[in-house]
file input_17.cif (mmCIF, C-alpha atoms and all ligand atoms)
data_data
#
loop_
_atom_site.label_atom_id
_atom_site.label_comp_id
_atom_site.auth_asym_id
_atom_site.auth_seq_id
_atom_site.Cartn_x
_atom_site.Cartn_y
_atom_site.Cartn_z
CA MET F 30 -6.99 30.54 20.16
CA ILE F 31 -5.45 27.42 18.64
CA ARG F 32 -1.65 27.47 18.62
CA ALA F 33 0.18 26.15 15.55
CA ASP F 34 3.72 25.63 14.29
CA LEU F 35 2.87 25.05 10.63
CA VAL F 36 -0.12 26.28 8.65
CA ILE F 37 -1.36 25.75 5.12
CA VAL F 38 -3.62 28.46 3.77
CA ASP F 39 -5.99 29.16 0.89
CA ALA F 40 -6.02 25.75 -0.81
CA ALA F 41 -8.15 25.86 -3.96
CA GLN F 42 -9.52 22.53 -2.73
CA LEU F 43 -8.78 21.02 0.66
CA LEU F 44 -9.86 17.36 0.46
CA THR F 45 -10.49 16.56 4.11
CA MET F 46 -11.98 13.06 3.51
CA ARG F 47 -13.93 13.56 6.75
CA GLY F 48 -16.92 11.22 7.09
CA PRO F 49 -17.61 7.50 6.91
CA ALA F 50 -14.62 5.17 7.08
CA PRO F 51 -14.43 3.01 5.10
CA ARG F 52 -16.50 4.62 2.40
CA VAL F 53 -18.81 2.42 0.35
CA GLY F 54 -21.23 3.07 -2.53
CA ALA F 55 -22.23 6.71 -2.97
CA GLN F 56 -20.14 7.77 0.07
CA LEU F 57 -17.02 7.22 -2.03
CA ARG F 58 -17.84 10.28 -4.10
CA ASP F 59 -17.84 12.70 -1.19
CA LEU F 60 -14.34 14.02 -0.53
CA SER F 61 -15.55 16.56 2.09
CA ILE F 62 -13.93 19.44 0.27
CA ILE F 63 -13.34 22.89 1.72
CA GLU F 64 -12.75 25.46 -1.00
CA GLY F 65 -10.22 28.07 0.05
CA GLY F 66 -9.47 25.77 2.98
CA CYS F 67 -6.84 26.27 5.69
CA LEU F 68 -5.19 23.81 8.05
CA ALA F 69 -2.99 24.13 11.13
CA VAL F 70 -0.50 21.70 12.64
CA LYS F 71 1.05 21.58 16.10
CA ASP F 72 3.59 19.01 17.33
CA GLY F 73 2.91 16.69 14.41
CA LEU F 74 -0.86 16.67 14.77
CA ILE F 75 -3.57 18.46 12.86
CA VAL F 76 -5.16 20.99 15.21
CA PHE F 77 -7.44 22.89 12.85
CA VAL F 78 -9.15 22.36 9.49
CA GLY F 79 -11.59 24.92 8.15
CA THR F 80 -12.39 27.93 6.01
CA ARG F 81 -10.27 31.07 5.81
CA ASP F 82 -12.75 32.94 8.01
CA GLU F 83 -12.68 30.25 10.69
CA PHE F 84 -8.88 30.17 10.48
CA GLU F 85 -8.66 33.94 11.06
CA THR F 86 -10.76 33.80 14.18
CA GLN F 87 -9.55 30.51 15.69
CA VAL F 88 -5.83 30.07 14.94
CA ALA F 89 -3.02 32.07 16.56
CA THR F 90 -0.24 32.49 14.01
CA ASP F 91 2.36 34.36 16.09
CA GLN F 92 4.42 31.23 16.81
CA VAL F 93 4.10 29.64 13.38
CA ASP F 94 7.43 28.48 11.89
CA GLU F 95 6.12 27.93 8.39
CA VAL F 96 3.21 29.18 6.32
CA ILE F 97 2.52 27.22 3.14
CA ASP F 98 0.48 29.19 0.65
CA ALA F 99 -1.54 26.60 -1.28
CA GLY F 100 -3.30 29.19 -3.43
CA GLY F 101 -4.46 27.55 -6.67
CA GLN F 102 -3.41 24.11 -5.42
CA VAL F 103 -4.97 20.99 -3.94
CA VAL F 104 -4.29 19.83 -0.38
CA MET F 105 -5.13 16.25 0.57
CA PRO F 106 -4.11 13.47 2.96
CA GLY F 107 -0.85 11.62 2.24
CA PHE F 108 -1.37 8.52 0.13
CA VAL F 109 -1.68 5.27 2.07
CA ASP F 110 -0.29 2.41 -0.01
CA ALA F 111 -2.06 -0.64 1.42
CA HIS F 112 -0.19 -3.33 -0.54
CA THR F 113 3.55 -3.43 -1.26
CA HIS F 114 6.40 -5.92 -1.27
CA ILE F 115 9.27 -3.50 -0.59
CA PRO F 116 11.83 -5.73 1.14
CA PHE F 117 13.61 -7.26 -1.83
CA ALA F 118 16.96 -7.15 -3.63
CA GLY F 119 17.72 -7.40 -7.34
CA SER F 120 15.43 -6.75 -10.27
CA ARG F 121 13.74 -8.74 -13.02
CA GLU F 122 13.87 -6.59 -16.14
CA HIS F 123 14.99 -9.54 -18.29
CA GLU F 124 11.87 -11.51 -17.33
CA PHE F 125 9.87 -8.40 -18.11
CA ALA F 126 11.44 -8.26 -21.56
CA ARG F 127 10.62 -11.95 -22.06
CA ARG F 128 7.01 -11.28 -21.14
CA LEU F 129 6.96 -8.50 -23.72
CA SER F 130 7.95 -11.17 -26.25
CA GLY F 131 5.14 -13.50 -25.22
CA ALA F 132 6.41 -15.62 -22.30
CA THR F 133 3.87 -15.87 -19.47
CA TYR F 134 4.44 -15.13 -15.77
CA GLN F 135 3.56 -18.74 -14.91
CA GLU F 136 5.99 -20.18 -17.50
CA ILE F 137 8.82 -18.05 -16.14
CA ALA F 138 7.98 -19.13 -12.59
CA ARG F 139 7.93 -22.83 -13.59
CA GLU F 140 11.44 -22.41 -15.01
CA GLY F 141 12.69 -21.20 -11.63
CA GLY F 142 12.37 -17.47 -12.35
CA GLY F 143 9.65 -15.23 -10.97
CA ILE F 144 9.36 -15.01 -7.21
CA MET F 145 12.18 -17.58 -6.73
CA SER F 146 14.60 -15.42 -8.68
CA THR F 147 13.97 -12.51 -6.29
CA VAL F 148 14.19 -14.93 -3.34
CA ALA F 149 17.69 -15.90 -4.52
CA SER F 150 18.91 -12.29 -4.84
CA THR F 151 17.26 -11.31 -1.57
CA ARG F 152 18.81 -14.19 0.37
CA ALA F 153 22.21 -13.32 -1.11
CA ALA F 154 22.04 -9.63 -0.16
CA SER F 155 23.62 -8.39 3.07
CA ASP F 156 21.47 -6.69 5.71
CA GLU F 157 23.13 -3.38 4.86
CA ASP F 158 22.38 -3.71 1.14
CA LEU F 159 18.79 -4.77 1.73
CA LEU F 160 18.20 -1.93 4.14
CA ASP F 161 19.80 0.55 1.77
CA THR F 162 17.75 -0.47 -1.26
CA MET F 163 14.61 -0.45 0.87
CA LEU F 164 15.31 3.06 2.18
CA THR F 165 16.00 4.31 -1.34
CA ARG F 166 12.72 2.76 -2.50
CA MET F 167 10.95 4.44 0.41
CA ASP F 168 12.53 7.78 -0.56
CA ARG F 169 11.01 7.44 -4.02
CA MET F 170 7.64 6.58 -2.50
CA VAL F 171 7.71 9.67 -0.29
CA LEU F 172 8.55 11.87 -3.27
CA GLU F 173 5.38 10.48 -4.87
CA GLY F 174 3.36 11.41 -1.81
CA ILE F 175 3.10 8.08 0.01
CA THR F 176 3.26 8.77 3.75
CA THR F 177 2.28 5.30 5.04
CA CYS F 178 2.56 1.88 3.47
CA GLU F 179 1.86 -1.73 4.18
CA ALA F 180 4.84 -3.95 3.34
CA LYS F 181 5.13 -7.71 3.10
CA SER F 182 7.94 -10.17 3.63
CA GLY F 183 7.85 -13.11 1.20
CA TYR F 184 11.21 -13.09 -0.56
CA GLY F 185 13.02 -14.95 2.22
CA LEU F 186 11.02 -18.19 2.53
CA THR F 187 13.14 -19.72 5.29
CA LEU F 188 12.52 -19.07 8.96
CA ASP F 189 15.66 -16.94 9.31
CA HIS F 190 15.26 -15.03 6.07
CA GLU F 191 11.59 -14.21 6.64
CA LEU F 192 12.35 -12.96 10.14
CA ARG F 193 15.31 -11.00 8.80
CA LEU F 194 13.13 -9.22 6.23
CA LEU F 195 10.55 -8.29 8.87
CA ARG F 196 13.28 -7.03 11.22
CA LEU F 197 14.82 -4.94 8.46
CA LEU F 198 11.37 -3.55 7.65
CA LYS F 199 11.00 -2.50 11.27
CA GLN F 200 14.39 -0.90 11.20
CA ALA F 201 13.60 0.93 7.94
CA GLY F 202 10.44 2.21 9.60
CA ARG F 203 12.50 3.59 12.50
CA GLN F 204 15.05 5.28 10.23
CA HIS F 205 12.67 6.66 7.64
CA PRO F 206 9.78 9.10 7.98
CA MET F 207 7.36 6.93 6.02
CA GLY F 208 5.14 4.81 8.26
CA ILE F 209 5.26 1.04 7.70
CA VAL F 210 2.72 -1.63 8.63
CA ALA F 211 4.20 -5.13 8.31
CA THR F 212 2.62 -8.26 6.86
CA PHE F 213 4.09 -11.76 7.03
CA LEU F 214 3.95 -13.46 3.61
CA GLY F 215 5.90 -16.65 4.22
CA ALA F 216 3.30 -18.35 2.00
CA HIS F 217 4.31 -16.37 -1.10
CA THR F 218 5.31 -19.52 -2.96
CA VAL F 219 6.63 -22.99 -2.13
CA PRO F 220 10.40 -22.51 -2.38
CA ALA F 221 12.27 -24.74 -4.81
CA GLU F 222 13.89 -26.77 -2.04
CA TYR F 223 10.42 -27.93 -0.84
CA ARG F 224 8.93 -28.61 -4.26
CA ASP F 225 8.67 -32.34 -3.55
CA ASP F 226 7.28 -31.88 -0.06
CA ARG F 227 5.03 -28.86 -0.04
CA ASP F 228 3.37 -30.00 3.16
CA ALA F 229 6.71 -29.75 4.96
CA TYR F 230 6.93 -26.11 3.85
CA LEU F 231 3.39 -25.43 5.04
CA ARG F 232 4.27 -26.96 8.41
CA LEU F 233 7.35 -24.74 8.57
CA VAL F 234 5.20 -21.66 7.92
CA ILE F 235 2.50 -22.70 10.39
CA ASP F 236 4.51 -24.30 13.18
CA GLU F 237 7.68 -22.22 13.15
CA MET F 238 7.45 -19.01 11.17
CA ILE F 239 4.08 -17.72 12.41
CA PRO F 240 4.86 -18.28 16.11
CA ALA F 241 8.28 -16.61 15.68
CA VAL F 242 6.76 -13.65 13.83
CA THR F 243 4.21 -13.04 16.56
CA ALA F 244 6.67 -13.71 19.39
CA GLY F 245 8.94 -11.03 17.91
CA GLY F 246 6.04 -8.61 17.32
CA LEU F 247 7.23 -8.42 13.73
CA ALA F 248 3.94 -8.22 11.80
CA GLU F 249 0.27 -7.36 12.20
CA PHE F 250 -1.07 -9.26 9.21
CA CYS F 251 -0.58 -12.63 7.53
CA ASP F 252 -0.97 -12.96 3.76
CA VAL F 253 -1.01 -15.90 1.31
CA PHE F 254 -0.66 -16.06 -2.47
CA CYS F 255 -3.75 -18.18 -3.14
CA GLU F 256 -3.45 -19.08 -6.82
CA LYS F 257 -3.40 -21.99 -9.22
CA GLY F 258 0.06 -23.55 -9.02
CA VAL F 259 0.95 -21.63 -5.84
CA PHE F 260 -1.20 -22.26 -2.71
CA THR F 261 -4.62 -23.91 -2.90
CA VAL F 262 -7.63 -22.53 -1.05
CA SER F 263 -7.36 -25.21 1.63
CA GLU F 264 -3.63 -24.57 2.10
CA ALA F 265 -4.28 -20.83 2.31
CA ARG F 266 -7.02 -21.49 4.86
CA ARG F 267 -4.59 -23.51 7.01
CA VAL F 268 -1.97 -20.75 6.97
CA LEU F 269 -4.37 -17.90 7.61
CA THR F 270 -6.21 -19.77 10.37
CA ALA F 271 -2.90 -20.41 12.11
CA GLY F 272 -2.12 -16.71 11.71
CA ILE F 273 -5.47 -15.71 13.22
CA LYS F 274 -4.85 -17.99 16.22
CA SER F 275 -1.51 -16.24 16.71
CA GLY F 276 -3.03 -12.77 16.43
CA LEU F 277 -2.19 -11.98 12.80
CA ARG F 278 -5.12 -10.59 10.80
CA PRO F 279 -5.56 -12.33 7.43
CA ARG F 280 -5.31 -10.84 3.97
CA ILE F 281 -5.16 -12.75 0.69
CA HIS F 282 -3.66 -12.43 -2.79
CA ALA F 283 -6.92 -13.57 -4.32
CA ASP F 284 -8.03 -14.38 -7.88
CA GLN F 285 -5.12 -12.47 -9.43
CA LEU F 286 -4.37 -14.70 -12.42
CA THR F 287 -7.30 -17.14 -12.36
CA SER F 288 -10.67 -17.41 -10.66
CA PHE F 289 -9.61 -19.56 -7.75
CA GLY F 290 -11.85 -19.05 -4.70
CA GLY F 291 -9.72 -16.46 -2.91
CA ALA F 292 -12.53 -13.93 -2.56
CA GLU F 293 -14.78 -16.59 -1.00
CA LEU F 294 -12.02 -17.56 1.43
CA ALA F 295 -11.48 -13.92 2.38
CA ALA F 296 -15.19 -13.65 3.20
CA GLU F 297 -15.19 -16.90 5.17
CA LEU F 298 -12.29 -15.65 7.32
CA SER F 299 -13.54 -12.04 7.57
CA ALA F 300 -10.15 -11.04 6.20
CA ALA F 301 -8.74 -7.53 6.58
CA SER F 302 -8.74 -7.47 2.77
CA ALA F 303 -8.80 -9.54 -0.40
CA ASP F 304 -6.26 -8.19 -2.85
CA HIS F 305 -5.99 -8.18 -6.69
CA LEU F 306 -9.37 -9.83 -7.54
CA ASP F 307 -8.85 -9.41 -11.30
CA HIS F 308 -10.69 -12.69 -11.88
CA ALA F 309 -13.05 -12.64 -8.90
CA GLY F 310 -16.58 -13.83 -9.65
CA ASP F 311 -19.91 -12.30 -8.60
CA GLU F 312 -20.50 -14.83 -5.85
CA GLY F 313 -17.16 -14.14 -4.17
CA ILE F 314 -17.70 -10.40 -4.34
CA LYS F 315 -21.20 -10.71 -2.86
CA LEU F 316 -19.82 -12.80 -0.01
CA MET F 317 -17.11 -10.18 0.60
CA ALA F 318 -19.77 -7.45 0.73
CA ARG F 319 -21.79 -9.45 3.24
CA ALA F 320 -18.70 -10.09 5.41
CA GLY F 321 -17.51 -6.45 5.14
CA VAL F 322 -14.19 -7.42 3.56
CA PRO F 323 -12.53 -4.55 1.64
CA ALA F 324 -11.11 -5.14 -1.85
CA VAL F 325 -7.54 -3.94 -2.48
CA LEU F 326 -7.36 -3.36 -6.22
CA LEU F 327 -3.95 -3.29 -7.89
CA PRO F 328 -4.39 -1.91 -11.40
CA GLY F 329 -0.64 -1.35 -11.77
CA ALA F 330 -0.08 -5.12 -11.64
CA SER F 331 -2.76 -5.74 -14.27
CA PHE F 332 -1.20 -2.97 -16.38
CA CYS F 333 2.38 -4.21 -16.11
CA MET F 334 1.22 -7.80 -16.70
CA MET F 335 -0.49 -6.60 -19.90
CA GLN F 336 -3.74 -8.15 -18.73
CA ARG F 337 -6.87 -7.36 -20.64
CA GLN F 338 -8.90 -8.14 -17.57
CA TYR F 339 -8.73 -5.72 -14.66
CA ALA F 340 -10.52 -6.21 -11.35
CA PRO F 341 -14.27 -5.59 -11.72
CA ALA F 342 -14.16 -2.37 -9.71
CA ARG F 343 -17.61 -1.19 -10.77
CA LYS F 344 -19.22 -4.43 -9.69
CA ILE F 345 -17.20 -4.38 -6.46
CA ILE F 346 -18.42 -0.87 -5.64
CA ASP F 347 -21.99 -1.48 -6.79
CA LEU F 348 -22.27 -4.58 -4.62
CA GLY F 349 -21.20 -2.56 -1.58
CA VAL F 350 -17.59 -3.65 -1.05
CA ALA F 351 -15.19 -0.92 0.17
CA PRO F 352 -12.55 -0.43 -2.55
CA VAL F 353 -8.90 0.34 -1.85
CA VAL F 354 -6.35 1.03 -4.59
CA ALA F 355 -2.64 0.31 -4.02
CA THR F 356 0.59 -0.08 -6.01
CA ASP F 357 1.59 -3.73 -5.29
CA LEU F 358 5.16 -2.41 -5.62
CA ASN F 359 7.28 -5.51 -6.29
CA PRO F 360 10.04 -6.56 -8.72
CA GLY F 361 7.89 -9.00 -10.71
CA THR F 362 4.43 -7.72 -11.51
CA CYS F 363 4.52 -3.98 -10.80
CA ASN F 364 7.76 -2.11 -10.18
CA VAL F 365 5.97 1.21 -9.69
CA GLU F 366 6.08 3.62 -6.75
CA SER F 367 3.40 5.99 -7.99
CA MET F 368 0.00 6.07 -6.30
CA GLN F 369 -0.85 8.91 -8.67
CA LEU F 370 -0.49 6.52 -11.60
CA MET F 371 -2.67 4.02 -9.72
CA VAL F 372 -5.41 6.65 -9.38
CA ALA F 373 -5.26 7.26 -13.13
CA LEU F 374 -5.31 3.53 -13.94
CA ALA F 375 -8.20 2.96 -11.52
CA CYS F 376 -10.19 5.55 -13.44
CA LEU F 377 -9.06 4.81 -16.99
CA ASN F 378 -8.90 1.01 -16.84
CA MET F 379 -11.25 0.00 -14.02
CA GLY F 380 -14.03 2.52 -14.54
CA MET F 381 -13.76 4.23 -11.15
CA THR F 382 -14.57 7.90 -10.81
CA VAL F 383 -11.74 10.17 -9.64
CA GLU F 384 -13.57 10.70 -6.34
CA GLU F 385 -13.88 6.95 -5.76
CA ALA F 386 -10.21 6.45 -6.57
CA ILE F 387 -9.14 9.20 -4.15
CA SER F 388 -11.26 7.67 -1.36
CA ALA F 389 -9.62 4.34 -2.20
CA VAL F 390 -6.03 5.60 -1.79
CA THR F 391 -6.63 7.58 1.40
CA ILE F 392 -9.25 6.83 4.03
CA ASN F 393 -10.25 3.37 2.77
CA ALA F 394 -6.62 2.33 2.51
CA ALA F 395 -5.99 3.53 6.06
CA VAL F 396 -8.92 1.48 7.38
CA THR F 397 -7.66 -1.65 5.64
CA ILE F 398 -4.25 -1.49 7.30
CA GLY F 399 -5.63 -0.52 10.70
CA ARG F 400 -4.43 3.09 10.70
CA SER F 401 -7.63 5.13 10.20
CA SER F 402 -7.45 6.58 13.70
CA THR F 403 -4.20 8.35 12.82
CA THR F 404 -4.10 8.91 9.05
CA GLY F 405 -6.12 8.82 5.80
CA SER F 406 -8.07 12.05 6.36
CA LEU F 407 -7.37 15.63 7.39
CA GLU F 408 -9.11 16.07 10.73
CA ALA F 409 -8.11 17.63 14.02
CA GLY F 410 -6.42 15.01 16.19
CA LYS F 411 -4.97 12.97 13.36
CA ALA F 412 -1.31 12.92 12.35
CA ALA F 413 -0.36 15.72 9.98
CA ASP F 414 0.26 13.51 6.93
CA ILE F 415 -0.49 16.00 4.20
CA LEU F 416 0.19 16.62 0.50
CA VAL F 417 0.13 19.81 -1.53
CA LEU F 418 -0.41 19.12 -5.23
CA ASP F 419 0.25 21.67 -7.94
CA ILE F 420 -3.07 21.13 -9.70
CA PRO F 421 -6.10 23.44 -9.71
CA ASN F 422 -8.54 20.67 -8.80
CA TYR F 423 -8.38 16.98 -7.93
CA LEU F 424 -9.62 15.80 -11.36
CA HIS F 425 -6.15 16.56 -12.72
CA LEU F 426 -4.81 13.59 -10.74
CA ALA F 427 -6.36 11.27 -13.33
CA TYR F 428 -6.62 13.73 -16.19
CA ARG F 429 -2.85 14.25 -16.36
CA PRO F 430 -1.37 10.82 -15.67
CA GLY F 431 2.34 10.19 -15.64
CA ALA F 432 3.33 13.42 -13.88
CA ASN F 433 4.25 13.80 -10.23
CA HIS F 434 1.88 16.54 -9.11
CA VAL F 435 3.03 16.47 -5.48
CA VAL F 436 5.01 19.58 -4.50
CA VAL F 437 5.01 19.30 -0.70
CA VAL F 438 4.91 16.16 1.45
CA ILE F 439 4.36 16.50 5.19
CA LYS F 440 4.73 13.50 7.50
CA GLU F 441 3.65 13.91 11.11
CA GLY F 442 4.07 17.66 10.84
CA ASP F 443 7.51 17.67 9.19
CA VAL F 444 8.02 18.75 5.60
CA VAL F 445 9.82 15.68 4.20
CA ALA F 446 9.80 16.58 0.49
CA ARG F 447 9.43 19.75 -1.48
CA ASP F 448 9.56 20.41 -5.22
CA GLY F 449 10.74 16.88 -5.98
CA ARG F 450 13.50 16.81 -3.36
CA LEU F 451 13.69 15.11 -0.01
CA THR F 452 14.10 17.56 2.86
CA TYR F 453 14.79 15.28 5.81
CA GLU F 454 17.90 13.73 7.26
CA GLU F 455 17.69 9.96 7.54
CA ASP F 456 18.35 8.70 11.02
CA SER F 457 21.30 6.46 10.19
CA SER F 458 22.56 6.42 13.78
CA GLU F 459 21.21 2.89 14.23
CA ALA F 460 23.37 0.05 13.00
CA CYS F 461 21.67 -3.05 11.60
CA ASP F 462 20.14 -5.21 14.37
O1 LIG B 501 1.37 -9.29 -5.78
N1 LIG B 501 1.21 -12.35 -6.67
C1 LIG B 501 2.07 -12.49 -5.87
N2 LIG B 501 2.97 -11.62 -5.48
C2 LIG B 501 3.32 -10.45 -6.21
C3 LIG B 501 4.28 -10.74 -7.31
C4 LIG B 501 5.52 -11.26 -6.80
C5 LIG B 501 6.62 -11.39 -7.79
O2 LIG B 501 6.40 -11.70 -8.98
O3 LIG B 501 7.77 -11.22 -7.35
C6 LIG B 501 2.08 -9.70 -6.66
O4 LIG B 501 1.80 -9.54 -7.85
FE FE B 502 1.15 -8.41 -4.04
#
call {"tool": "encode", "arguments": {"input": "input_17.cif", "output": "structure tokens", "more": "lines below"}}
Ligand code: NIG
Ligand code: FE
result
Amino acid sequence: MIRADLVIVDAAQLLTMRGPAPRVGAQLRDLSIIEGGCLAVKDGLIVFVGTRDEFETQVATDQVDEVIDAGGQVVMPGFVDAHTHIPFAGSREHEFARRLSGATYQEIAREGGGIMSTVASTRAASDEDLLDTMLTRMDRMVLEGITTCEAKSGYGLTLDHELRLLRLLKQAGRQHPMGIVATFLGAHTVPAEYRDDRDAYLRLVIDEMIPAVTAGGLAEFCDVFCEKGVFTVSEARRVLTAGIKSGLRPRIHADQLTSFGGAELAAELSAASADHLDHAGDEGIKLMARAGVPAVLLPGASFCMMQRQYAPARKIIDLGVAPVVATDLNPGTCNVESMQLMVALACLNMGMTVEEAISAVTINAAVTIGRSSTTGSLEAGKAADILVLDIPNYLHLAYRPGANHVVVVIKEGDVVARDGRLTYEEDSSEACD
């Protein structure tokens, strides 16, 4: 018999997401559902997933500490948010209000606002304050069902500040139950002090920041904001190639505001992902499909930027690219912690089916950030990163947007949130590094 310390029984739908990873094309619509499904956890790992009958005959329940009755509810893997910018201080609601009155993101950036305004508040914040705001942000993410996220630096933009943000991210990951995968985004913009010598900034990123990031083991990925007025395709290529040589896998903010060649560059470099893609053209998408580069779609950014044009998700899926959907959580273009809202936006504004969107926020997202061996699906041997949602079937995730349907969040076997409240003690024993 299989021994367990926590079991979940009788889920109306248990979305196991077992099967191909990443999912493409028609595979995206198969959530490998077990109706009336049960699941058992031991020492943080999933040890059993199956029907009630199989559970009865295979799982020993005498040493179980907790039985969660998921009758009438949906059980699914924790959300994997594959694109966030969580290490930042301050907020930009006044810019947001200006955009509501017609100012554009690019205009605000040219005036010294935008990313540079967050860089200023982030540089000015103490380690303690930055860590605190990050942990609070992560608390909100967990309450929304996010159990693992990718997180980028990019609001430091000096050697010391970029390294500081990545160190604080690491520390937040140690203190908080949510898993973090770090990305170095020193090429987020050319900081104001280098405006007249952008090449000097690129050399700083390539010759000093990237080697220091890898020497410190501070990130797995390297990202660039490849966009008109930010970094050109050839500049992005230089940064990402240097990252690859240092062992950082490339990902790209591509074709977010204009059609700029980011998707093509992602294909050329076999990037871990190309992200945004709101203005990506057919050719770039076809090249991504051929190179097996997943597309991280960020409908929350398009929504909060009041864009009419969302990423061409249907074309992306039909051409065989693996779609991922993420929040892009950041203070400028999408200050939203809800993956559930992203699922709804993916369906309502990008034409994805609910099944495709769920594949995109679980198993496909896990593949993109290099964590599919441990999370993204409910299978024996994987970490017990599990959600219980108070909905009778998964369609309600998109059908009832704006609500937090998550009632239980389990991270590596521990219940970390229940009924909208956190249930873990933060490990604050560590002082700032
Ligand atoms: O993903 N596009 C670049 N970076 C962020 C926005 C950053 C900001 O405005 O602070 C994004 O949308
Ligand atoms: Fe982003």
call {"tool": "residues_around", "arguments": {"input": "input_17.cif", "residues": "F:Arg32", "least_positions_apart": "3", "cutoff": "8 Å", "atoms": "all atoms listed in the file", "output": "compact mmCIF listing (two decimals) with C-alpha atoms, in the frame of the given file"}}
result
# COMPACT_ATOMS: atom_id res chain seq x y z
CA LYS F 71 1.05 21.58 16.10
CA VAL F 88 -5.83 30.07 14.94
CA ALA F 89 -3.02 32.07 16.56
CA THR F 90 -0.24 32.49 14.01
CA GLN F 92 4.42 31.23 16.81
call {"tool": "residues_near_ligand", "arguments": {"input": "input_17.cif", "ligand": "ligand FE 502 (chain B)", "cutoff": "7 Å", "atoms": "all atoms listed in the file", "output": "PyMOL selection string"}}
result
chain F and resi 112-114+282+357
call {"tool": "write_last_selection", "arguments": {"input": "input_17.cif", "atoms": "C-alpha atoms", "output": "short mmCIF file (atom, residue, chain, number, x, y, z; two decimals), in the coordinates of the input"}}
result
data_model
loop_
_atom_site.label_atom_id
_atom_site.label_comp_id
_atom_site.auth_asym_id
_atom_site.auth_seq_id
_atom_site.Cartn_x
_atom_site.Cartn_y
_atom_site.Cartn_z
CA HIS F 112 -0.19 -3.33 -0.54
CA THR F 113 3.55 -3.43 -1.26
CA HIS F 114 6.40 -5.92 -1.27
CA HIS F 282 -3.66 -12.43 -2.79
CA ASP F 357 1.59 -3.73 -5.29
#
call {"tool": "axis_aligned_box", "arguments": {"input": "input_17.cif", "around": "ligand LIG 501 (chain B)", "padding_each_side": "8 Å", "output": "lines of an AutoDock Vina configuration file"}}
result
center_x = 4.5
center_y = -10.9
center_z = -7.2
size_x = 22.6
size_y = 19.2
size_z = 19.5
call {"tool": "residues_near_ligand", "arguments": {"input": "input_17.cif", "ligand": "ligand LIG 501 (chain B)", "cutoff": "8 Å", "atoms": "all atoms listed in the file", "output": "JSON, numbers by chain"}}
result
{"F": [113, 114, 134, 143, 144, 145, 147, 184, 217, 254, 282, 285, 305, 330, 357, 358, 359, 360, 361, 362, 363]}
call {"tool": "closest_residue", "arguments": {"input": "input_17.cif", "among": "F:Met46, F:Ala409, F:Leu348, F:Ala427", "to": "F:Val78", "atoms": "all atoms listed in the file"}}
result
F:Ala409
call {"tool": "closest_residue", "arguments": {"input": "input_17.cif", "among": "F:Met368, F:Leu407, F:Ala211, F:Ala33", "to": "F:Val171", "atoms": "all atoms listed in the file"}}
result
F:Met368
call {"tool": "residues_around", "arguments": {"input": "input_17.cif", "residues": "stretch 349-356 of chain F", "least_positions_apart": "5", "cutoff": "8 Å", "atoms": "all atoms listed in the file", "output": "PyMOL selection string"}}
result
chain F and resi 51-54+109-113+314+317-318+321-330+342+363+365-368+371-372+375+386+388-390+393-394+397
call {"tool": "atom_distance", "arguments": {"input": "input_17.cif", "atom1": "atom CA of F:Thr162", "atom2": "atom CA of F:Leu198"}}
result
11.4 Å
call {"tool": "decode", "arguments": {"input": "input_17.cif", "residues": "stretch 357-385 of chain F", "atoms": "C-alpha atoms", "output": "PDB file, in the first residue's frame"}}
result
ATOM      1  CA  ASP F 357       3.929  40.009 -16.708  1.00  0.00           C
ATOM      2  CA  LEU F 358       3.396  41.380 -13.181  1.00  0.00           C
ATOM      3  CA  ASN F 359       5.200  44.751 -13.170  1.00  0.00           C
ATOM      4  CA  PRO F 360       4.458  48.327 -12.045  1.00  0.00           C
ATOM      5  CA  GLY F 361       4.170  49.781 -15.557  1.00  0.00           C
ATOM      6  CA  THR F 362       2.210  47.642 -17.969  1.00  0.00           C
ATOM      7  CA  CYS F 363       0.383  45.083 -15.818  1.00  0.00           C
ATOM      8  CA  ASN F 364       0.171  45.377 -12.049  1.00  0.00           C
ATOM      9  CA  VAL F 365      -1.849  42.168 -11.721  1.00  0.00           C
ATOM     10  CA  GLU F 366      -1.145  39.048  -9.663  1.00  0.00           C
ATOM     11  CA  SER F 367      -4.012  36.955 -10.987  1.00  0.00           C
ATOM     12  CA  MET F 368      -3.322  34.048 -13.328  1.00  0.00           C
ATOM     13  CA  GLN F 369      -7.047  33.357 -13.190  1.00  0.00           C
ATOM     14  CA  LEU F 370      -7.686  36.716 -14.844  1.00  0.00           C
ATOM     15  CA  MET F 371      -5.021  35.849 -17.432  1.00  0.00           C
ATOM     16  CA  VAL F 372      -6.864  32.626 -18.268  1.00  0.00           C
ATOM     17  CA  ALA F 373     -10.065  34.619 -18.792  1.00  0.00           C
ATOM     18  CA  LEU F 374      -8.307  37.253 -20.921  1.00  0.00           C
ATOM     19  CA  ALA F 375      -6.574  34.553 -22.977  1.00  0.00           C
ATOM     20  CA  CYS F 376      -9.987  33.125 -23.800  1.00  0.00           C
ATOM     21  CA  LEU F 377     -12.016  36.308 -24.146  1.00  0.00           C
ATOM     22  CA  ASN F 378      -9.464  38.526 -25.897  1.00  0.00           C
ATOM     23  CA  MET F 379      -7.058  36.134 -27.625  1.00  0.00           C
ATOM     24  CA  GLY F 380      -9.492  33.462 -28.781  1.00  0.00           C
ATOM     25  CA  MET F 381      -7.976  30.575 -26.834  1.00  0.00           C
ATOM     26  CA  THR F 382     -10.182  27.785 -25.556  1.00  0.00           C
ATOM     27  CA  VAL F 383     -10.292  27.292 -21.781  1.00  0.00           C
ATOM     28  CA  GLU F 384      -8.428  23.994 -22.186  1.00  0.00           C
ATOM     29  CA  GLU F 385      -5.657  25.663 -24.190  1.00  0.00           C
TER      30      GLU F 385
END
